[in-house]
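Before any comments, here is the structure.
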Number of protein chains: 2
Amino acid sequence: MSDYDVLCIGNAIVDIIAQCDDAFLTQNGIIKGAMNLIDMDRAGLLYSRMGPATEASGGSAGNTAAGVASFGGRAAFFGKVAKDQLGQIYAHDIRAQGVAFDTTPLPGEPPTARSMIFVTPDGERSMNTYLGACVELGPEDVEADKAAGAKVTYFEGYLWDPPRAKEAIRLTARHAHEAGREVSMTLSDSFCVDRYREEFLDLMRSGTVDIVFANDHELKSLYQTSSFEAGLDAIRKDCRIAAVTRSEQGSVILRGEETVWVDAMPIRELVDTTGAGDLYAAGFLYGYTKGLDLKLCGDLGSLAAALVIQQIGPRPRQNLLQEAQAAGLL
Amino acid sequence: MSDYDVLCIGNAIVDIIAQCDDAFLTQNGIIKGAMNLIDMDRAGLLYSRMGPATEASGGSAGNTAAGVASFGGRAAFFGKVAKDQLGQIYAHDIRAQGVAFDTTPLPGEPPTARSMIFVTPDGERSMNTYLGACVELGPEDVEADKAAGAKVTYFEGYLWDPPRAKEAIRLTARHAHEAGREVSMTLSDSFCVDRYREEFLDLMRSGTVDIVFANDHELKSLYQTSSFEAGLDAIRKDCRIAAVTRSEQGSVILRGEETVWVDAMPIRELVDTTGAGDLYAAGFLYGYTKGLDLKLCGDLGSLAAALVIQQIGPRPRQNLLQEAQAAGLL
């Protein structure tokens, strides 16, 4: 038996969440719906202009790890916080969710990463991320036993932004594949794809990555096409399994010649899209590592995504296993 | 013209909010619905047992200041944070709400105060407060111009817990009364009343405090009576104005022989009672400093309280002026 179902690797980020109108985004040069990378000075400037906020542990792959654990899956996480109050909060929250998290915190500067997330009235979130301590994640943070002991290792494309995290990913993938495990990634953001297109394609085509998560924008960016169908045709050849999400239109899962269409779950009210993709991946990977069929994996992803977008913050407060049972999925 | 409508003075606390069941409270010796004072060791222990949490700036009088500002009132705040990440968050949030906040932060230890708030399925909150830097608030933090320039100074009874804050209160009240202003307090919590009953009664009977906010439990504790009516009769004699809240039964406002009954606002769903009393005071004091009649002051309090208990966290995300206008109150 494996030690973990899913090992997640990502930027360990505390979200600082406030509401704003669309004019605020324009006036401050924030690309709507995207993850905008910012330095410390800009972080200070934007924070001075930000309204009253609330804080919650986030980070894409961290949210996925928390989601897997909430389904009852065994999850672990690699990510770098600093030894400061935000780092304590981050470590507390992910461990309190039942995720194994043992990455050594960074003593001293830079501080724990934070992302200022502005939520517009349409529920869309625009992120402004100061990477802080995340830039120090490197291969020395890879715990070989967890890499070899997890059924699936999952990492975020965002990890190509800090300088040495990619080395940690390649090392983890080697441990995982040597142990006969699978490796998965999310393309994270269409602008992130634009920054690292060739490297992401190489990860897929070299077999470093087996399972790819993307949304339709990221898929089109990856293959520089305006055609969703052309993107599907291309990604089908480039990885073993691809799960492509399309907001309220649901998702499509490709495995070789197989194509599985999955509906989105109906929601009462869209509040904040933060975490939607992360929680889709959590539901999918929980189902996948339990050996469920692809359609059910997708349904679990849709359920978790639907729950998280009806609240403020990136991790659902509900117990996802109970929610899935109540929905008749498990 | 006065510089401020309301000057609030209170413990500057960041709330750490998680859900739990009633058994958790019993197992951990937490008095349900109360503010439990804890030391650093117990804070560490409880945090280690707490589920994934979210953080939001809180503190009773700070919430009231934020509420007054959200109504469009001119608010100021005195309270002590440390120079640390939680202190930065606290200062950001209250200033971003439009509240003047200039208390010098404490360099070094102890850290910014935090309250671990456990919300049970019935929406009741049980607070566990580590006072941290708040113990350093003293008369040297009183800004005389703000004390003299605010129509009403409002402080929390909780300030009798830290050692020297009461000196700051007495000094502020002196400045205020010398300038012909009014002074107001909340009794905060029935156990707090139990700790400082004689001092609170003396504040009222000596005329140091003109306007008193209390809930029914605090009123009964103050006069050590099980009769709500007996409590009303007593407090009517001890202060110029008393506003007594009774959860879903609304509130009653007493001024001399005058008695004004105010209904609670209907709500869709009770989520988290944190901030209910603080926001009632905010609505009341906004109306009072605008010269509105007592019934309307109470209605504004009911509105703000109803909004805050339908969300997680102690300060409503809505603009209270717009909400009051939409409700036809302003």
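Each chain in the structure tokens gets a letter, A, B and so on, in the order shown; residues start at 1 in every chain, and ligands are counted from 1 in the order they appear.
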Practice task
Pull the strand (DSSP E) assignments for range 147-263 of chain A out of DSSP run on the backbone, and list those residues as a VMD selection string.
Solution key: chain A and resid 150 to 156 182 to 186 211 to 215 241 to 245 251 to 255 258 to 262
Exercise for the section: Write out as a list in words which residues come within 9 Å of Ser57 in chain A when counting only C-alpha atoms, dropping same-chain ones fewer than 5 positions away. Expected result: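 Returned residues: Ala12, Ile13, Val14, Asp15, Ile16, Gly62, Asn63, Leu86, Ile89, Tyr90, Ala91, Asp93, Ile94, Gly313, Pro314 and Arg315 of chain A; Pro52, Ala53 and Thr54 of chain B.
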For the selection just defined, write its residues with C-alpha atoms to a file, as a PDB file, in the first residue's frame.
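This is the output file out.pdb:
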ATOM      1  CA  ALA A  12       2.761  28.164  -0.096  1.00  0.00           C
ATOM      2  CA  ILE A  13       0.717  31.341  -0.123  1.00  0.00           C
ATOM      3  CA  VAL A  14      -1.626  33.096   2.295  1.00  0.00           C
ATOM      4  CA  ASP A  15      -4.483  34.762   0.433  1.00  0.00           C
ATOM      5  CA  ILE A  16      -5.533  38.291   1.365  1.00  0.00           C
ATOM      6  CA  GLY A  62      -2.004  23.610  -1.309  1.00  0.00           C
ATOM      7  CA  ASN A  63      -5.708  24.050  -1.960  1.00  0.00           C
ATOM      8  CA  LEU A  86       1.725  34.022   8.136  1.00  0.00           C
ATOM      9  CA  ILE A  89      -0.999  30.207   9.852  1.00  0.00           C
ATOM     10  CA  TYR A  90      -0.233  28.406   6.610  1.00  0.00           C
ATOM     11  CA  ALA A  91       1.302  25.407   8.335  1.00  0.00           C
ATOM     12  CA  ASP A  93      -4.273  25.263   8.288  1.00  0.00           C
ATOM     13  CA  ILE A  94      -2.885  22.620   5.958  1.00  0.00           C
ATOM     14  CA  GLY A 313     -11.806  31.823   0.119  1.00  0.00           C
ATOM     15  CA  PRO A 314      -9.974  29.040  -1.663  1.00  0.00           C
ATOM     16  CA  ARG A 315     -10.763  25.938   0.405  1.00  0.00           C
TER      17      ARG A 315
ATOM     18  CA  PRO B  52      -8.459  25.054   9.267  1.00  0.00           C
ATOM     19  CA  ALA B  53      -9.225  28.699   9.962  1.00  0.00           C
ATOM     20  CA  THR B  54      -9.625  32.077   8.356  1.00  0.00           C
TER      21      THR B  54
END
Practice task
Mind giving me the straight-line distance from CA of Cys20 in chain B to CA of Asp39 in chain B in Å, one decimal?
Solution key: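 It comes out at 21.1 Å.
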I want to know what sits within 6 Å of range 234-242 of chain B, based on only C-alpha atoms, with residues of the same chain fewer than 5 positions away left out; could you give that as an mmCIF file with C-alpha atoms, in the first residue's frame?
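See result.cif below for the written result:
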data_model
loop_
_atom_site.group_PDB
_atom_site.id
_atom_site.type_symbol
_atom_site.label_atom_id
_atom_site.label_comp_id
_atom_site.auth_asym_id
_atom_site.auth_seq_id
_atom_site.Cartn_x
_atom_site.Cartn_y
_atom_site.Cartn_z
ATOM 1 C CA MET B 204 -22.118 54.758 35.287
ATOM 2 C CA ARG B 205 -23.133 56.246 38.619
ATOM 3 C CA ASP B 210 -23.388 58.471 29.724
ATOM 4 C CA ILE B 211 -24.572 55.760 27.327
ATOM 5 C CA VAL B 212 -24.422 52.033 28.083
ATOM 6 C CA PHE B 213 -24.784 49.103 25.674
ATOM 7 C CA ILE B 253 -33.652 51.703 24.542
ATOM 8 C CA LEU B 254 -34.136 53.622 27.787
ATOM 9 C CA ARG B 255 -33.675 57.347 28.327
#
Problem - Which of A:Asp145, A:Asp189, A:Glu109, A:Asp293 sits closest to Tyr158 in chain A [using only C-alpha atoms] - result: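 With only C-alpha atoms as the atom set, the closest residue is A:Asp189.
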Practice task
Rounded to one decimal place, report the CA of Asp122 in chain A-CA of Asn28 in chain A distance in Å.
Solution key: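 Answer for the CA of Asp122 in chain A to CA of Asn28 in chain A separation: 18.3 Å.
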Exercise for the section: Determine which residues of range 52-154 of chain B DSSP labels as helix (DSSP H, G or I) from the backbone of this structure, then write them out as a PyMOL selection string. Expected result: chain B and resi 60-70+85-96+132-136+139-141+144-149
Exercise for the section: Grab the CA of Arg268 in chain B to CA of Ala305 in chain A distance for me, in Å with one decimal place. Expected result: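 Result for CA of Arg268 in chain B versus CA of Ala305 in chain A: 24.3 Å, one decimal.
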Problem - Best match for closeness to Val81 in chain B among B:Asp102, B:Glu323, B:Asp194, B:Glu143, counting only C-alpha atoms - result: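 Using only C-alpha atoms, the shortest distance to Val81 in chain B belongs to B:Asp102.
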Practice task
Do a neighbour search on Thr103 in chain A at 7 Å with only C-alpha atoms, toss out local chain neighbours closer than 6 positions, and write the hits as a list in words.
Solution key: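 That gives Phe78, Gly79, Lys80 and Asp141 of chain A.
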Practice task
Select, from A:Asp22, A:Asp3, A:Glu156, A:Asp84, the residue with the minimum atom-to-atom distance to chain B, counting only C-alpha atoms.
Solution key: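 When distances to chain B are compared using only C-alpha atoms, the smallest one comes from A:Asp84.
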Exercise for the section: Rank B:Asp21, B:Asp5, B:Glu258, B:Glu55 by their smallest atom-to-atom distance to chain A, using only C-alpha atoms, and report the top residue only. Expected result: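 When distances to chain A are compared using only C-alpha atoms, the smallest one comes from B:Glu55.
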Handout entry: Shell around Glu199 in chain A at 12 Å using only C-alpha atoms, local window under 2 positions removed, as a list in words
Key =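 So, after excluding close chain neighbours, the residues are Gly157, Leu159, Trp160, Lys166, Arg170, Leu187, Cys192, Val193, Asp194, Arg195, Tyr196, Arg197, Leu201, Asp202, Leu203, Met204, Arg205, Ser206, Thr208, Val209 and Leu222 of chain A.
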File dump, residues just selected, N, CA and C atoms, as a PDB file, in the first residue's frame:
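So the final result, stored in again_7.pdb, reads:
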ATOM      1  N   GLY A 157       2.032  24.560 -12.410  1.00  0.00           N
ATOM      2  CA  GLY A 157       2.894  25.232 -13.371  1.00  0.00           C
ATOM      3  C   GLY A 157       3.501  26.508 -12.816  1.00  0.00           C
ATOM      4  N   LEU A 159       5.076  26.855 -10.375  1.00  0.00           N
ATOM      5  CA  LEU A 159       6.382  26.603  -9.768  1.00  0.00           C
ATOM      6  C   LEU A 159       7.531  26.906 -10.719  1.00  0.00           C
ATOM      7  N   TRP A 160       7.205  27.221 -11.983  1.00  0.00           N
ATOM      8  CA  TRP A 160       8.286  27.637 -12.885  1.00  0.00           C
ATOM      9  C   TRP A 160       8.667  29.099 -12.661  1.00  0.00           C
ATOM     10  N   LYS A 166      11.653  24.169 -10.013  1.00  0.00           N
ATOM     11  CA  LYS A 166      11.590  23.205 -11.119  1.00  0.00           C
ATOM     12  C   LYS A 166      12.568  22.049 -10.907  1.00  0.00           C
ATOM     13  N   ARG A 170      11.564  18.115 -10.894  1.00  0.00           N
ATOM     14  CA  ARG A 170      12.194  17.060 -11.700  1.00  0.00           C
ATOM     15  C   ARG A 170      12.710  15.930 -10.813  1.00  0.00           C
ATOM     16  N   LEU A 187      -1.616  23.442 -15.567  1.00  0.00           N
ATOM     17  CA  LEU A 187      -0.978  24.517 -16.331  1.00  0.00           C
ATOM     18  C   LEU A 187      -1.145  25.865 -15.640  1.00  0.00           C
ATOM     19  N   CYS A 192       0.907  32.135 -17.404  1.00  0.00           N
ATOM     20  CA  CYS A 192       1.982  31.249 -16.946  1.00  0.00           C
ATOM     21  C   CYS A 192       2.372  30.309 -18.092  1.00  0.00           C
ATOM     22  N   VAL A 193       1.381  29.801 -18.809  1.00  0.00           N
ATOM     23  CA  VAL A 193       1.653  28.951 -19.978  1.00  0.00           C
ATOM     24  C   VAL A 193       2.465  29.733 -21.004  1.00  0.00           C
ATOM     25  N   ASP A 194       2.100  30.982 -21.175  1.00  0.00           N
ATOM     26  CA  ASP A 194       2.807  31.823 -22.138  1.00  0.00           C
ATOM     27  C   ASP A 194       4.275  32.004 -21.745  1.00  0.00           C
ATOM     28  N   ARG A 195       4.528  32.045 -20.446  1.00  0.00           N
ATOM     29  CA  ARG A 195       5.909  32.236 -19.986  1.00  0.00           C
ATOM     30  C   ARG A 195       6.753  30.978 -20.179  1.00  0.00           C
ATOM     31  N   TYR A 196       6.104  29.796 -20.062  1.00  0.00           N
ATOM     32  CA  TYR A 196       6.867  28.534 -19.993  1.00  0.00           C
ATOM     33  C   TYR A 196       6.348  27.480 -20.961  1.00  0.00           C
ATOM     34  N   ARG A 197       5.780  27.924 -22.074  1.00  0.00           N
ATOM     35  CA  ARG A 197       5.122  27.010 -23.013  1.00  0.00           C
ATOM     36  C   ARG A 197       6.009  25.833 -23.410  1.00  0.00           C
ATOM     37  N   LEU A 201       5.419  21.873 -22.506  1.00  0.00           N
ATOM     38  CA  LEU A 201       5.236  20.862 -23.555  1.00  0.00           C
ATOM     39  C   LEU A 201       6.301  19.770 -23.429  1.00  0.00           C
ATOM     40  N   ASP A 202       7.510  20.187 -23.102  1.00  0.00           N
ATOM     41  CA  ASP A 202       8.578  19.209 -22.951  1.00  0.00           C
ATOM     42  C   ASP A 202       8.305  18.270 -21.774  1.00  0.00           C
ATOM     43  N   LEU A 203       7.757  18.839 -20.670  1.00  0.00           N
ATOM     44  CA  LEU A 203       7.413  17.995 -19.519  1.00  0.00           C
ATOM     45  C   LEU A 203       6.430  16.909 -19.934  1.00  0.00           C
ATOM     46  N   MET A 204       5.471  17.274 -20.783  1.00  0.00           N
ATOM     47  CA  MET A 204       4.450  16.331 -21.215  1.00  0.00           C
ATOM     48  C   MET A 204       5.022  15.327 -22.219  1.00  0.00           C
ATOM     49  N   ARG A 205       5.723  15.845 -23.212  1.00  0.00           N
ATOM     50  CA  ARG A 205       6.196  14.977 -24.303  1.00  0.00           C
ATOM     51  C   ARG A 205       7.328  14.057 -23.872  1.00  0.00           C
ATOM     52  N   SER A 206       8.076  14.490 -22.832  1.00  0.00           N
ATOM     53  CA  SER A 206       9.159  13.640 -22.333  1.00  0.00           C
ATOM     54  C   SER A 206       8.644  12.579 -21.372  1.00  0.00           C
ATOM     55  N   THR A 208       7.646  13.226 -18.386  1.00  0.00           N
ATOM     56  CA  THR A 208       7.850  13.631 -16.990  1.00  0.00           C
ATOM     57  C   THR A 208       6.496  13.799 -16.301  1.00  0.00           C
ATOM     58  N   VAL A 209       5.507  14.215 -17.095  1.00  0.00           N
ATOM     59  CA  VAL A 209       4.153  14.402 -16.584  1.00  0.00           C
ATOM     60  C   VAL A 209       3.193  13.463 -17.315  1.00  0.00           C
ATOM     61  N   LEU A 222      -1.503  27.111 -24.587  1.00  0.00           N
ATOM     62  CA  LEU A 222      -0.439  26.106 -24.742  1.00  0.00           C
ATOM     63  C   LEU A 222      -0.165  25.821 -26.211  1.00  0.00           C
TER      64      LEU A 222
END
Practice task
Excluding range 69-72 of chain A and any residue of its chain fewer than 4 positions from it, enumerate the residues within 9 Å of it, using only C-alpha atoms, and give them as a list of chain:residue names.
Solution key: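 Contacts, with the query itself left out: A:Thr64, A:Ala65, A:Ala76, A:Gln97, A:Gly98, A:Val99, A:Ala282, A:Gly283, A:Tyr286, A:Pro316, A:Gln318, A:Asn319, A:Leu320, A:Leu321, A:Gln322, A:Glu323, A:Ala324.
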Could you save the residues just selected, with C-alpha atoms, as a PDB file, in the first residue's frame?
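Once written, again.pdb looks like this:
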ATOM      1  CA  THR A  64      -5.704  20.794  -3.894  1.00  0.00           C
ATOM      2  CA  ALA A  65      -3.974  18.963  -1.050  1.00  0.00           C
ATOM      3  CA  ALA A  76       1.046  15.431   1.555  1.00  0.00           C
ATOM      4  CA  GLN A  97      -6.921  19.679   7.321  1.00  0.00           C
ATOM      5  CA  GLY A  98      -4.999  16.418   7.720  1.00  0.00           C
ATOM      6  CA  VAL A  99      -2.272  17.035   5.146  1.00  0.00           C
ATOM      7  CA  ALA A 282      -8.674  17.597  -5.799  1.00  0.00           C
ATOM      8  CA  GLY A 283     -11.925  15.811  -6.586  1.00  0.00           C
ATOM      9  CA  TYR A 286      -9.173  11.678  -5.043  1.00  0.00           C
ATOM     10  CA  PRO A 316     -14.303  24.672   1.017  1.00  0.00           C
ATOM     11  CA  GLN A 318     -17.611  21.687   4.125  1.00  0.00           C
ATOM     12  CA  ASN A 319     -16.385  18.125   4.540  1.00  0.00           C
ATOM     13  CA  LEU A 320     -16.093  17.015   0.920  1.00  0.00           C
ATOM     14  CA  LEU A 321     -16.572  13.331   1.636  1.00  0.00           C
ATOM     15  CA  GLN A 322     -19.900  14.038   3.334  1.00  0.00           C
ATOM     16  CA  GLU A 323     -20.901  16.354   0.497  1.00  0.00           C
ATOM     17  CA  ALA A 324     -20.060  13.717  -2.098  1.00  0.00           C
TER      18      ALA A 324
END
Exercise for the section: Name the closest residue to chain A among the candidates B:Ala96, B:Met35, B:Leu46, B:Ile169; distances are taken between atoms, counting only C-alpha atoms. Expected result: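 Closest candidate: B:Ala96.
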Problem - Distance query Ile17 in chain A at most 10 Å, only C-alpha atoms, self and fewer than 4 positions along chain excluded, as a list of chain:residue names - result: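 Listed by chain and then number, they are A:Met50, A:Gly51, A:Pro52, A:Ala53, A:Thr54, A:Glu55, A:Ala56, A:Ser115, A:Met116, A:Ile117, A:Phe118, A:Val119, A:Arg125, A:Ser126, A:Met127, A:Asp272, A:Thr274, A:Ile312, A:Gly313, A:Pro314.
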Handout entry: Proximity to Ile38 in chain A - best of A:Lys83, A:Arg114, A:Arg74, A:Arg95, only C-alpha atoms
Key =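 Of the candidates, the smallest distance to Ile38 in chain A is held by A:Arg114.
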